[in-house]
Structure formats: C-alpha cells, structure tokens
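Peer 1: I have a structure here, written as structure tokens, and I will follow up with some questions on it.
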Amino acid sequence: MSTKPELSFRQMWNMCVGFLGIQFAFSLQNADVSRIFQTLGANLREIPILWVAAPLSGLIVQPIIGYASDHTWTRLGRRRPYFLGGALLTALALVWMPNASILWAAALMLWLMDASINVSMEPFRAFVGDQLPDAQRPLGFALQSFFIGVGAVLASILPWVLAKLGVPNVAPAGQIPATVRIAFYVGAAVLFCAVLWTVVTTREYAPERLLGFARKGLTLPLTDVSRAWRLGLVMLVAGGLGVAAIRRFSLAEELYLLAGGVIVFGALFAWLSSTASRGMVRQVMGDLYGMPGPMRRLAWVQFFSWFALFAMWIYTTPTVASVQFGSTDPRSLAYNTGANWAGVLLAAANCFLIVGAVVIPLMVRLLGLRWSHLLNLVAGGLGLASFAWVRSPEWLLLSMAGVGFASASIQSLPYTLLSDNLPAEKMGVYMGIFNFFIVIPQMLAASVLGGLVHALFGDRPAFGLVLGGASMMIGGLCTLRVAEPRPMQAASPSGLGSSQA
C-alpha cells in the first residue's frame, strides 16, 4: 500500500469550484420552483407532490451514476465525464423551465433538471474521497461547503437584485416574471462554466493506482444476502397494507407513491436473496443491504435532516409571502415582493453556511463531531420553527443564522465521517447509496407534508416549517448514536480553520 500524496490548496480549490455551479442551479430550483408552480396555477396542497420529481430522480439516478463512475475510465477520467454531461443537461433544463406555460411542463422540467444535477453532483462527493488522503478530507468537504454556500447565496439573491435593478418582477397570469427567467439563464451559464473549470484544471488517478492507495483492512467482506428475503417480505406486507389503508380510508392519493416505493424495495430485497446475477442492480442492492455500521447510524441523522430541508424548500416562499407580507395571490405585488425576500433569506442562510464552513472545524476541536452536529441541527430546527411566529421580515435573518450553520454541518460532517469508513473501489456506489437517505425523506415529505399541513394546520404553510424544524432537531439527537471517530478524523490539522486555509 502506498500513501496518497497531499494536494495543494490550489488543487483542492480547483477540484471544488464545480460545486459552485451545481449549487447555483440547485438553489435557483429550491428558491423559485414553488413560485413557478404557484404562478402556473398550483394550489398549496399540490406543491409537495409536484416536487416529487426531485427526490424520485435522485433515488434512481444517484446509485446508478455512482456505480457507473466506479466502473468508468475514459480520456477524461473516472468522474469528470459525468460532471460535464450532467452540467450540459442541467443548463438546458434551466433555460427551458422558466419558459413553461403550463403546470405539467414545469413539473417535467423539474424532473429533467434535478436528474441532471444528480448526474453531476453524486460523482463530486466520490471525487473528493478519490483524490484526497484521509488527513485532507475534512478540508476538502469543507471547501465543498464553502462553494455550496457561495453558489447558493448568489443564486438565491439574484431575482431580488434584478428587481432592484428595474427588471419587471410581476408578469401577466400564467407567465413567469422576468426576474426569474433571467436568473435561470444566468444560472445555466454559471453552472456550465464552473463545472468546465473543474474538468479542465484537475486530474484523476487511474483505477489501479487508486486501489494501491487503499488502506489495509478497509475493503469490506462480501455481504451475505441469503436472508434479505425477510426484510423484503416485511416491506411487501407493509406496502400492501399501506395501499389498502389508502383505499379504505380515502387518504391522500400522493401516499400511493410512498406505499409503492416500499413495495418496490421489498420486491428487490426478496429478489436479492435468490438471484445469481452479478449485475449493477444486484451489487447496488447487496451493498445497500450490507451497509457498514457507521453508515447505518448516520443514515438516520441524514433522514431527519433532509426531511427538514425539503420542508424548507417547499414552504419558505409561501410562508414569507403569506405571514410576513400578507398575500397568497401569486399575481400580486405583495406576493412577489415576499417571494423575492424569501430568496434573500435563503441567500442569508447560505452566507451563514459559508461562515459555518470556517467555524465548524473549530467547534469540532472543542466539542467533537457529535456534539457540534447536534448543536448546529438544534439551532437550525429552532430557526425554521420561528417562521410561524416572527412577524418582521428582517428578524427572519436571525432565524436563518441557525439554518445556515445547520446546513454547513449537514453538507460536511456526515461525509467526513462516512468517507473514512468506505473502500476505495466502492466509494462512488456507497456515496450514491448514502444519498438514498437524502432522497427517501424528501419522497416522504412530498407524500405526507401537503396532507399534514392541510389536515392539522388548515393549509397554513408556516407550520410545514415547524414540522421541518422538529425533524431537524430529532436528527441532531440521532447524532449521539454515532461513534466519535479517531482524533485525526475529528480534528484534522487540515481543517478549514487551519493555516492551510
């Protein structure tokens, strides 16, 4: 086994620049898609299920792309072909979406956009694990968080800036305001140029050399899947009972999506225990069934954290428009002013994310990874819940401080913990599987949030954020189940707060 050489700060910087473009596109989607849906006639209860394209595409695309990039080697390398192809498709979707004139077309563009973002984003996580030695991974993931923050700030605030510059912020019924359309065009250019920068300025280790760097004892044993049918049977029964309950009690139709997903995974686990296949589906499902212990415990942390973030993306704009600006009419000036302010708030959260990328490594040195993540998620949960009671739009900037620090933690600390426990030859597929626990809670949120907010809170969107805040705090408590890593991993001298930064 040879030692993987350390990279210079400039090399790590170039490696992470592409994330600025990816997050620019992702943040335009998060800040403005609910606004687009409402402008095209969607009511509040329909918005979560219209968003289902995003998590569903991630559930399908991420493990496939992770597996494929693990088994790819071209003139461009292993991960970079996926960066470039995904960026091109995302740029096209960004140009098309704000020109949609009917609701189903906008939903279709969201599906294309999110699937394409995932094609680029998933290999980026594995790329950091591929290129960096253990001691530099905390800095690598912190730099990713930094670029995530910068891209998100610029994208979230862009419609507000354009309105201040005199670009029309209100459009006739059924049309998207010019502020949103121009922001999406700018996003397409920023995304493609940033990803192209990373592709041109970086290199990748050939697979055989990468395996030579693998730590002894890290390759995982072959998983025994002979009993996977038991889990499959439980899931099939649970999914079937769910379908029956939905029909019997006339529950929300979007719950069929959740029950159907349980049935599909149950069937796959049942198939896994008997198949002789060695193909991609067999390997991905086998790795999912046999996840390493640290990954299983981190999965619960991610599950509750990302349920909260999905609630934030869905409900921030309608909450700010209705609670702080007093309008639910997407054609009104008050609504669109509130929607722009929601973008400013998301930009503020990502400014705090950038600060968090610097401060959190220092917190880790003082408190350890577990307690740092717990405190950040509790702060984020309280920030989300406060939207229901804060009446001044400006005071919501303080609420977003907690959300920003929580986001910085979510984007970095779980991946720092995870990457040191994965074999090099399966870094891509395990990163893709880990992202299941980003996607599954989003599918759950898309299936149940609309019904819960309607049934329990009379369609008041602010209480969707309250539910998200509670979920984020539960995720923080789940962090206490995760073992603290070795001192080198917990407080690396290469953290963003070190002299190397």
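If you're wondering about the labels, chains in the structure tokens are A, B, ... by order shown, residues count from 1 in each chain, ligands from 1 in order shown.
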Applying 12 Å and only C-alpha atoms, which residues near Leu112 (chain A) remain after dropping the ones on its own chain fewer than 5 positions away? List them as an MDAnalysis selection string.
Peer 2: chainID A and resid 29 53:58 61 86:97 105:107 117:119
Peer 1: Taking 2 positions as the minimum chain separation for residues in the same chain, which residues sit within 12 Å of Ser322 (chain A) when counting only C-alpha atoms? Answer as an MDAnalysis selection string.
Peer 2: chainID A and resid 44 315:320 324:330 332 334:339 341:342 387:388 391 393 459:462
Peer 1: Give me a file of those residues, with N, CA and C atoms, as a short mmCIF file (atom, residue, chain, number, x, y, z; two decimals), in the first residue's frame.
Peer 2:
data_model
loop_
_atom_site.label_atom_id
_atom_site.label_comp_id
_atom_site.auth_asym_id
_atom_site.auth_seq_id
_atom_site.Cartn_x
_atom_site.Cartn_y
_atom_site.Cartn_z
N LEU A 44 -51.64 25.29 -2.82
CA LEU A 44 -50.63 24.98 -1.81
C LEU A 44 -50.52 23.48 -1.55
N TYR A 315 -41.84 25.31 1.57
CA TYR A 315 -42.74 26.22 2.28
C TYR A 315 -42.16 27.59 2.60
N THR A 316 -40.87 27.84 2.35
CA THR A 316 -40.32 29.16 2.69
C THR A 316 -41.00 30.27 1.90
N THR A 317 -41.12 30.12 0.59
CA THR A 317 -41.72 31.19 -0.21
C THR A 317 -43.18 31.44 0.15
N PRO A 318 -44.07 30.42 0.16
CA PRO A 318 -45.45 30.71 0.54
C PRO A 318 -45.61 31.20 1.98
N THR A 319 -44.72 30.76 2.88
CA THR A 319 -44.80 31.23 4.27
C THR A 319 -44.47 32.71 4.35
N VAL A 320 -43.35 33.12 3.78
CA VAL A 320 -42.94 34.53 3.85
C VAL A 320 -43.97 35.41 3.15
N GLN A 324 -45.44 37.12 6.52
CA GLN A 324 -44.74 38.39 6.69
C GLN A 324 -45.19 39.48 5.70
N PHE A 325 -45.73 39.08 4.53
CA PHE A 325 -46.15 40.07 3.53
C PHE A 325 -47.65 40.05 3.26
N GLY A 326 -48.38 39.12 3.87
CA GLY A 326 -49.83 39.17 3.87
C GLY A 326 -50.53 38.88 2.55
N SER A 327 -49.94 38.04 1.68
CA SER A 327 -50.59 37.76 0.40
C SER A 327 -50.41 36.29 0.03
N THR A 328 -51.47 35.70 -0.53
CA THR A 328 -51.41 34.35 -1.08
C THR A 328 -51.68 34.33 -2.57
N ASP A 329 -51.77 35.50 -3.20
CA ASP A 329 -52.06 35.62 -4.63
C ASP A 329 -50.77 35.79 -5.42
N PRO A 330 -50.34 34.76 -6.21
CA PRO A 330 -49.06 34.85 -6.92
C PRO A 330 -48.99 35.99 -7.94
N SER A 332 -50.02 39.08 -7.26
CA SER A 332 -49.97 40.36 -6.57
C SER A 332 -48.53 40.83 -6.36
N ALA A 334 -47.45 42.18 -3.58
CA ALA A 334 -47.03 41.77 -2.23
C ALA A 334 -46.48 40.35 -2.24
N TYR A 335 -47.16 39.44 -2.95
CA TYR A 335 -46.67 38.05 -3.01
C TYR A 335 -45.28 38.00 -3.63
N ASN A 336 -45.09 38.66 -4.76
CA ASN A 336 -43.81 38.58 -5.47
C ASN A 336 -42.71 39.31 -4.71
N THR A 337 -43.06 40.36 -3.97
CA THR A 337 -42.07 41.00 -3.10
C THR A 337 -41.67 40.04 -1.99
N GLY A 338 -42.66 39.35 -1.41
CA GLY A 338 -42.35 38.34 -0.39
C GLY A 338 -41.53 37.19 -0.94
N ALA A 339 -41.84 36.77 -2.17
CA ALA A 339 -41.08 35.68 -2.79
C ALA A 339 -39.62 36.08 -2.99
N TRP A 341 -38.06 38.27 -1.13
CA TRP A 341 -37.45 38.31 0.20
C TRP A 341 -37.12 36.90 0.69
N ALA A 342 -37.96 35.93 0.31
CA ALA A 342 -37.63 34.54 0.65
C ALA A 342 -36.30 34.14 0.03
N PHE A 387 -40.40 30.77 11.95
CA PHE A 387 -41.11 31.44 10.86
C PHE A 387 -42.60 31.57 11.15
N ALA A 388 -43.14 30.68 11.97
CA ALA A 388 -44.58 30.72 12.25
C ALA A 388 -44.96 31.86 13.18
N ARG A 391 -42.94 38.09 12.95
CA ARG A 391 -43.74 38.88 12.01
C ARG A 391 -42.91 39.84 11.18
N PRO A 393 -40.10 40.74 8.64
CA PRO A 393 -39.26 40.04 7.66
C PRO A 393 -37.77 40.13 8.00
N ASP A 459 -53.95 24.40 6.02
CA ASP A 459 -53.19 24.90 4.87
C ASP A 459 -52.37 26.15 5.20
N ARG A 460 -51.92 26.28 6.44
CA ARG A 460 -51.02 27.38 6.79
C ARG A 460 -49.58 26.89 6.60
N PRO A 461 -48.88 27.40 5.58
CA PRO A 461 -47.57 26.84 5.21
C PRO A 461 -46.52 26.99 6.30
N ALA A 462 -46.67 27.99 7.18
CA ALA A 462 -45.66 28.19 8.22
C ALA A 462 -45.50 26.95 9.09
#
Peer 1: Pick out the closest residue to Asn169 (chain A) from this set: A:Gly239, A:Phe310, A:Ile22, A:Asn340. Count only C-alpha atoms.
Peer 2: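 When distances to Asn169 (chain A) are compared using only C-alpha atoms, the smallest one comes from A:Asn340.
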Peer 1: Taking only C-alpha atoms into account, which of A:Ile47, A:Ala445, A:Leu59, A:Val17 comes nearest Ala311 (chain A)?
Peer 2: A:Ala445
Peer 1: Compile the contact shell of Val453 (chain A) as a PyMOL selection string: residues with an atom at most 10 Å away, counting only C-alpha atoms, same-chain residues fewer than 2 positions apart removed.
Peer 2: chain A and resi 44-45+448-451+455-465+467
Peer 1: Residues near Leu257 (chain A), anyone? I mean within 12 Å using only C-alpha atoms, not counting same-chain ones fewer than 2 positions away, as a PDB file with N, CA, C and O atoms, in the first residue's frame.
Peer 2:
ATOM      1  N   ILE A  49     -46.395  17.373  -3.897  1.00  0.00           N
ATOM      2  CA  ILE A  49     -46.373  16.241  -4.823  1.00  0.00           C
ATOM      3  C   ILE A  49     -45.769  16.635  -6.167  1.00  0.00           C
ATOM      4  O   ILE A  49     -45.159  15.806  -6.853  1.00  0.00           O
ATOM      5  N   VAL A  52     -42.143  16.049  -6.189  1.00  0.00           N
ATOM      6  CA  VAL A  52     -41.671  14.675  -6.014  1.00  0.00           C
ATOM      7  C   VAL A  52     -40.673  14.265  -7.082  1.00  0.00           C
ATOM      8  O   VAL A  52     -39.878  13.345  -6.898  1.00  0.00           O
ATOM      9  N   ALA A  53     -40.693  14.954  -8.233  1.00  0.00           N
ATOM     10  CA  ALA A  53     -39.724  14.646  -9.281  1.00  0.00           C
ATOM     11  C   ALA A  53     -38.294  14.724  -8.764  1.00  0.00           C
ATOM     12  O   ALA A  53     -37.434  13.924  -9.150  1.00  0.00           O
ATOM     13  N   PRO A  55     -36.797  14.277  -5.520  1.00  0.00           N
ATOM     14  CA  PRO A  55     -36.256  13.123  -4.798  1.00  0.00           C
ATOM     15  C   PRO A  55     -36.337  11.822  -5.570  1.00  0.00           C
ATOM     16  O   PRO A  55     -35.461  10.966  -5.441  1.00  0.00           O
ATOM     17  N   LEU A  56     -37.391  11.640  -6.381  1.00  0.00           N
ATOM     18  CA  LEU A  56     -37.516  10.390  -7.120  1.00  0.00           C
ATOM     19  C   LEU A  56     -36.395  10.249  -8.135  1.00  0.00           C
ATOM     20  O   LEU A  56     -35.814   9.163  -8.296  1.00  0.00           O
ATOM     21  N   GLY A 239     -46.084  -2.361   2.564  1.00  0.00           N
ATOM     22  CA  GLY A 239     -46.544  -1.601   1.410  1.00  0.00           C
ATOM     23  C   GLY A 239     -47.953  -1.972   1.006  1.00  0.00           C
ATOM     24  O   GLY A 239     -48.781  -1.112   0.678  1.00  0.00           O
ATOM     25  N   GLY A 242     -50.344  -0.553   3.394  1.00  0.00           N
ATOM     26  CA  GLY A 242     -50.450   0.879   3.138  1.00  0.00           C
ATOM     27  C   GLY A 242     -51.392   1.197   1.999  1.00  0.00           C
ATOM     28  O   GLY A 242     -52.236   2.096   2.102  1.00  0.00           O
ATOM     29  N   VAL A 243     -51.299   0.438   0.894  1.00  0.00           N
ATOM     30  CA  VAL A 243     -52.192   0.637  -0.238  1.00  0.00           C
ATOM     31  C   VAL A 243     -53.642   0.392   0.175  1.00  0.00           C
ATOM     32  O   VAL A 243     -54.555   1.164  -0.169  1.00  0.00           O
ATOM     33  N   ILE A 246     -54.930   3.292   2.297  1.00  0.00           N
ATOM     34  CA  ILE A 246     -55.199   4.491   1.487  1.00  0.00           C
ATOM     35  C   ILE A 246     -56.546   4.374   0.789  1.00  0.00           C
ATOM     36  O   ILE A 246     -57.341   5.318   0.756  1.00  0.00           O
ATOM     37  N   ALA A 252     -54.965  10.711   1.115  1.00  0.00           N
ATOM     38  CA  ALA A 252     -54.410  11.479   0.000  1.00  0.00           C
ATOM     39  C   ALA A 252     -53.752  10.546  -1.018  1.00  0.00           C
ATOM     40  O   ALA A 252     -52.987   9.643  -0.653  1.00  0.00           O
ATOM     41  N   GLU A 253     -54.030  10.783  -2.287  1.00  0.00           N
ATOM     42  CA  GLU A 253     -53.537   9.897  -3.339  1.00  0.00           C
ATOM     43  C   GLU A 253     -52.018   9.879  -3.430  1.00  0.00           C
ATOM     44  O   GLU A 253     -51.429   8.880  -3.864  1.00  0.00           O
ATOM     45  N   GLU A 254     -51.366  10.993  -3.022  1.00  0.00           N
ATOM     46  CA  GLU A 254     -49.913  11.013  -3.099  1.00  0.00           C
ATOM     47  C   GLU A 254     -49.267   9.979  -2.181  1.00  0.00           C
ATOM     48  O   GLU A 254     -48.097   9.626  -2.372  1.00  0.00           O
ATOM     49  N   LEU A 255     -50.015   9.456  -1.198  1.00  0.00           N
ATOM     50  CA  LEU A 255     -49.467   8.414  -0.334  1.00  0.00           C
ATOM     51  C   LEU A 255     -49.229   7.109  -1.090  1.00  0.00           C
ATOM     52  O   LEU A 255     -48.452   6.266  -0.644  1.00  0.00           O
ATOM     53  N   ALA A 259     -46.247   4.177  -0.519  1.00  0.00           N
ATOM     54  CA  ALA A 259     -46.517   2.746  -0.406  1.00  0.00           C
ATOM     55  C   ALA A 259     -45.907   1.984  -1.574  1.00  0.00           C
ATOM     56  O   ALA A 259     -45.354   0.884  -1.406  1.00  0.00           O
ATOM     57  N   GLY A 260     -45.996   2.566  -2.759  1.00  0.00           N
ATOM     58  CA  GLY A 260     -45.415   1.910  -3.932  1.00  0.00           C
ATOM     59  C   GLY A 260     -43.916   1.771  -3.828  1.00  0.00           C
ATOM     60  O   GLY A 260     -43.346   0.746  -4.223  1.00  0.00           O
ATOM     61  N   GLY A 261     -43.255   2.792  -3.283  1.00  0.00           N
ATOM     62  CA  GLY A 261     -41.806   2.698  -3.103  1.00  0.00           C
ATOM     63  C   GLY A 261     -41.420   1.587  -2.144  1.00  0.00           C
ATOM     64  O   GLY A 261     -40.438   0.865  -2.373  1.00  0.00           O
ATOM     65  N   VAL A 262     -42.180   1.439  -1.055  1.00  0.00           N
ATOM     66  CA  VAL A 262     -41.914   0.356  -0.104  1.00  0.00           C
ATOM     67  C   VAL A 262     -42.069  -1.002  -0.782  1.00  0.00           C
ATOM     68  O   VAL A 262     -41.257  -1.922  -0.575  1.00  0.00           O
ATOM     69  N   ILE A 263     -43.103  -1.164  -1.609  1.00  0.00           N
ATOM     70  CA  ILE A 263     -43.329  -2.433  -2.315  1.00  0.00           C
ATOM     71  C   ILE A 263     -42.193  -2.725  -3.281  1.00  0.00           C
ATOM     72  O   ILE A 263     -41.698  -3.867  -3.362  1.00  0.00           O
ATOM     73  N   VAL A 264     -41.740  -1.714  -4.023  1.00  0.00           N
ATOM     74  CA  VAL A 264     -40.651  -1.924  -4.991  1.00  0.00           C
ATOM     75  C   VAL A 264     -39.384  -2.379  -4.279  1.00  0.00           C
ATOM     76  O   VAL A 264     -38.724  -3.347  -4.698  1.00  0.00           O
ATOM     77  N   ILE A 440     -34.972   9.579   0.250  1.00  0.00           N
ATOM     78  CA  ILE A 440     -36.150   8.928   0.834  1.00  0.00           C
ATOM     79  C   ILE A 440     -36.939   9.887   1.730  1.00  0.00           C
ATOM     80  O   ILE A 440     -38.172   9.951   1.626  1.00  0.00           O
ATOM     81  N   GLN A 442     -37.145  13.043   1.430  1.00  0.00           N
ATOM     82  CA  GLN A 442     -37.787  14.012   0.544  1.00  0.00           C
ATOM     83  C   GLN A 442     -39.030  13.404  -0.101  1.00  0.00           C
ATOM     84  O   GLN A 442     -40.054  14.080  -0.256  1.00  0.00           O
ATOM     85  N   MET A 443     -38.958  12.124  -0.474  1.00  0.00           N
ATOM     86  CA  MET A 443     -40.144  11.457  -1.012  1.00  0.00           C
ATOM     87  C   MET A 443     -41.232  11.354   0.048  1.00  0.00           C
ATOM     88  O   MET A 443     -42.417  11.552  -0.242  1.00  0.00           O
ATOM     89  N   LEU A 444     -40.820  11.059   1.279  1.00  0.00           N
ATOM     90  CA  LEU A 444     -41.796  11.021   2.375  1.00  0.00           C
ATOM     91  C   LEU A 444     -42.440  12.388   2.562  1.00  0.00           C
ATOM     92  O   LEU A 444     -43.670  12.507   2.706  1.00  0.00           O
ATOM     93  N   ALA A 445     -41.617  13.431   2.537  1.00  0.00           N
ATOM     94  CA  ALA A 445     -42.143  14.783   2.704  1.00  0.00           C
ATOM     95  C   ALA A 445     -43.103  15.137   1.573  1.00  0.00           C
ATOM     96  O   ALA A 445     -44.165  15.725   1.795  1.00  0.00           O
ATOM     97  N   ALA A 446     -42.731  14.768   0.342  1.00  0.00           N
ATOM     98  CA  ALA A 446     -43.609  15.050  -0.798  1.00  0.00           C
ATOM     99  C   ALA A 446     -44.935  14.317  -0.676  1.00  0.00           C
ATOM    100  O   ALA A 446     -45.974  14.803  -1.134  1.00  0.00           O
ATOM    101  N   SER A 447     -44.925  13.148  -0.037  1.00  0.00           N
ATOM    102  CA  SER A 447     -46.135  12.341   0.092  1.00  0.00           C
ATOM    103  C   SER A 447     -47.030  12.791   1.226  1.00  0.00           C
ATOM    104  O   SER A 447     -48.259  12.703   1.125  1.00  0.00           O
ATOM    105  N   VAL A 448     -46.456  13.267   2.335  1.00  0.00           N
ATOM    106  CA  VAL A 448     -47.275  13.494   3.532  1.00  0.00           C
ATOM    107  C   VAL A 448     -47.394  14.945   3.964  1.00  0.00           C
ATOM    108  O   VAL A 448     -48.354  15.300   4.668  1.00  0.00           O
TER     109      VAL A 448
END
Peer 1: Just want the 12 Å neighbourhood of region 345-347 of chain A, counted on only C-alpha atoms, with same-chain residues fewer than 3 positions away dropped. Output as an MDAnalysis selection string.
Peer 2: chainID A and resid 23:24 27:32 148:161 309 312:313 315:317 319:320 338:342 350:354 383:384 387 393:404 407
Peer 1: Between A:Ala470, A:Val482, A:Met12, A:Ile176, which is the closest to Thr39 (chain A) once you count only C-alpha atoms?
Peer 2: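 Closest to Thr39 (chain A) of all the choices is A:Ile176.
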Peer 1: Fewer than 2 positions away in the same chain doesn't count, so skip those; otherwise give me all residues within 12 Å of Ala228 (chain A), counting only C-alpha atoms, as a count of residues only.
Peer 2: 28
Peer 1: Can you tell me how far CA of Phe26 (chain A) sits from CA of Asp130 (chain A), in Å to one decimal?
Peer 2: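 Separation of CA of Phe26 (chain A) and CA of Asp130 (chain A): 23.9 Å.
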Peer 1: Taking only region 170-329 of chain A into account, list the residues labelled alpha helix (DSSP H) by DSSP (computed from the backbone), as an MDAnalysis selection string.
Peer 2: chainID A and resid 178:201 207:212 228:248 255:272 280:289 293:319
Peer 1: What's around Ser471 (chain A) at 8 Å? Count only C-alpha atoms, leave out sequence neighbours fewer than 3 positions away in its own chain, and write the answer as an mmCIF file with all heavy atoms, in the first residue's frame.
Peer 2:
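Saved the output as selection-v9.cif:
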data_model
loop_
_atom_site.group_PDB
_atom_site.id
_atom_site.type_symbol
_atom_site.label_atom_id
_atom_site.label_comp_id
_atom_site.auth_asym_id
_atom_site.auth_seq_id
_atom_site.Cartn_x
_atom_site.Cartn_y
_atom_site.Cartn_z
ATOM 1 N N PHE A 304 -33.644 12.576 8.990
ATOM 2 C CA PHE A 304 -34.405 13.649 9.643
ATOM 3 C C PHE A 304 -33.910 15.031 9.218
ATOM 4 O O PHE A 304 -34.699 15.973 9.126
ATOM 5 C CB PHE A 304 -34.338 13.491 11.162
ATOM 6 C CG PHE A 304 -35.136 12.326 11.675
ATOM 7 C CD1 PHE A 304 -34.516 11.182 12.145
ATOM 8 C CD2 PHE A 304 -36.527 12.370 11.669
ATOM 9 C CE1 PHE A 304 -35.261 10.103 12.613
ATOM 10 C CE2 PHE A 304 -37.286 11.297 12.139
ATOM 11 C CZ PHE A 304 -36.644 10.158 12.600
ATOM 12 N N SER A 305 -32.609 15.152 8.928
ATOM 13 C CA SER A 305 -32.076 16.449 8.499
ATOM 14 C C SER A 305 -32.643 16.866 7.153
ATOM 15 O O SER A 305 -33.042 18.024 6.958
ATOM 16 C CB SER A 305 -30.542 16.383 8.418
ATOM 17 O OG SER A 305 -29.972 16.040 9.659
ATOM 18 N N PHE A 307 -35.379 15.690 5.580
ATOM 19 C CA PHE A 307 -36.819 15.934 5.648
ATOM 20 C C PHE A 307 -37.059 17.407 5.975
ATOM 21 O O PHE A 307 -37.910 18.073 5.373
ATOM 22 C CB PHE A 307 -37.455 15.038 6.720
ATOM 23 C CG PHE A 307 -38.959 15.130 6.789
ATOM 24 C CD1 PHE A 307 -39.758 14.214 6.125
ATOM 25 C CD2 PHE A 307 -39.575 16.142 7.525
ATOM 26 C CE1 PHE A 307 -41.149 14.294 6.185
ATOM 27 C CE2 PHE A 307 -40.967 16.228 7.601
ATOM 28 C CZ PHE A 307 -41.748 15.307 6.922
ATOM 29 N N ALA A 308 -36.283 17.925 6.916
ATOM 30 C CA ALA A 308 -36.413 19.324 7.315
ATOM 31 C C ALA A 308 -36.044 20.269 6.177
ATOM 32 O O ALA A 308 -36.744 21.261 5.914
ATOM 33 C CB ALA A 308 -35.526 19.598 8.526
ATOM 34 N N GLY A 381 -33.194 23.834 13.595
ATOM 35 C CA GLY A 381 -34.589 23.491 13.840
ATOM 36 C C GLY A 381 -35.359 24.636 14.477
ATOM 37 O O GLY A 381 -36.496 24.932 14.085
ATOM 38 N N LEU A 467 -42.908 21.696 11.348
ATOM 39 C CA LEU A 467 -42.655 20.252 11.268
ATOM 40 C C LEU A 467 -41.216 19.986 10.834
ATOM 41 O O LEU A 467 -40.557 19.077 11.360
ATOM 42 C CB LEU A 467 -43.634 19.612 10.282
ATOM 43 C CG LEU A 467 -45.107 19.584 10.712
ATOM 44 C CD1 LEU A 467 -45.969 19.028 9.570
ATOM 45 C CD2 LEU A 467 -45.307 18.733 11.960
ATOM 46 N N GLY A 468 -40.733 20.770 9.876
ATOM 47 C CA GLY A 468 -39.345 20.617 9.446
ATOM 48 C C GLY A 468 -38.366 20.902 10.571
ATOM 49 O O GLY A 468 -37.367 20.188 10.735
ATOM 50 N N ILE A 474 -34.673 16.296 15.826
ATOM 51 C CA ILE A 474 -34.596 14.845 16.036
ATOM 52 C C ILE A 474 -33.334 14.292 15.377
ATOM 53 O O ILE A 474 -32.639 13.434 15.930
ATOM 54 C CB ILE A 474 -35.853 14.161 15.482
ATOM 55 C CG1 ILE A 474 -37.075 14.551 16.323
ATOM 56 C CG2 ILE A 474 -35.692 12.637 15.474
ATOM 57 C CD1 ILE A 474 -38.394 14.107 15.726
ATOM 58 N N GLY A 475 -33.018 14.790 14.177
ATOM 59 C CA GLY A 475 -31.782 14.376 13.519
ATOM 60 C C GLY A 475 -30.560 14.682 14.360
ATOM 61 O O GLY A 475 -29.614 13.884 14.425
#
Peer 1: Here is a test: counting only C-alpha atoms, which residue of A:Gly129, A:Pro441, A:Gly356, A:Gly432 is nearest to Ser145 (chain A)?
Peer 2: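 Residue with the minimum atom-to-atom distance to Ser145 (chain A): A:Gly356.
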Peer 1: By how many Å are CA of Gln302 (chain A) and CA of Ile438 (chain A) apart?
Peer 2: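 One can read the CA of Gln302 (chain A) to CA of Ile438 (chain A) distance as 6.1 Å.
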Peer 1: Given the choices A:Tyr415, A:Trp51, A:Phe147, A:Phe127, which gets closest to Trp13 (chain A) if the distance is worked out from only C-alpha atoms?
Peer 2: A:Phe147
Peer 1: To one decimal place in Å, what is the distance between CA of Gly293 (chain A) and CA of Phe19 (chain A)?
Peer 2: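 Separation of CA of Gly293 (chain A) and CA of Phe19 (chain A): 28.8 Å.
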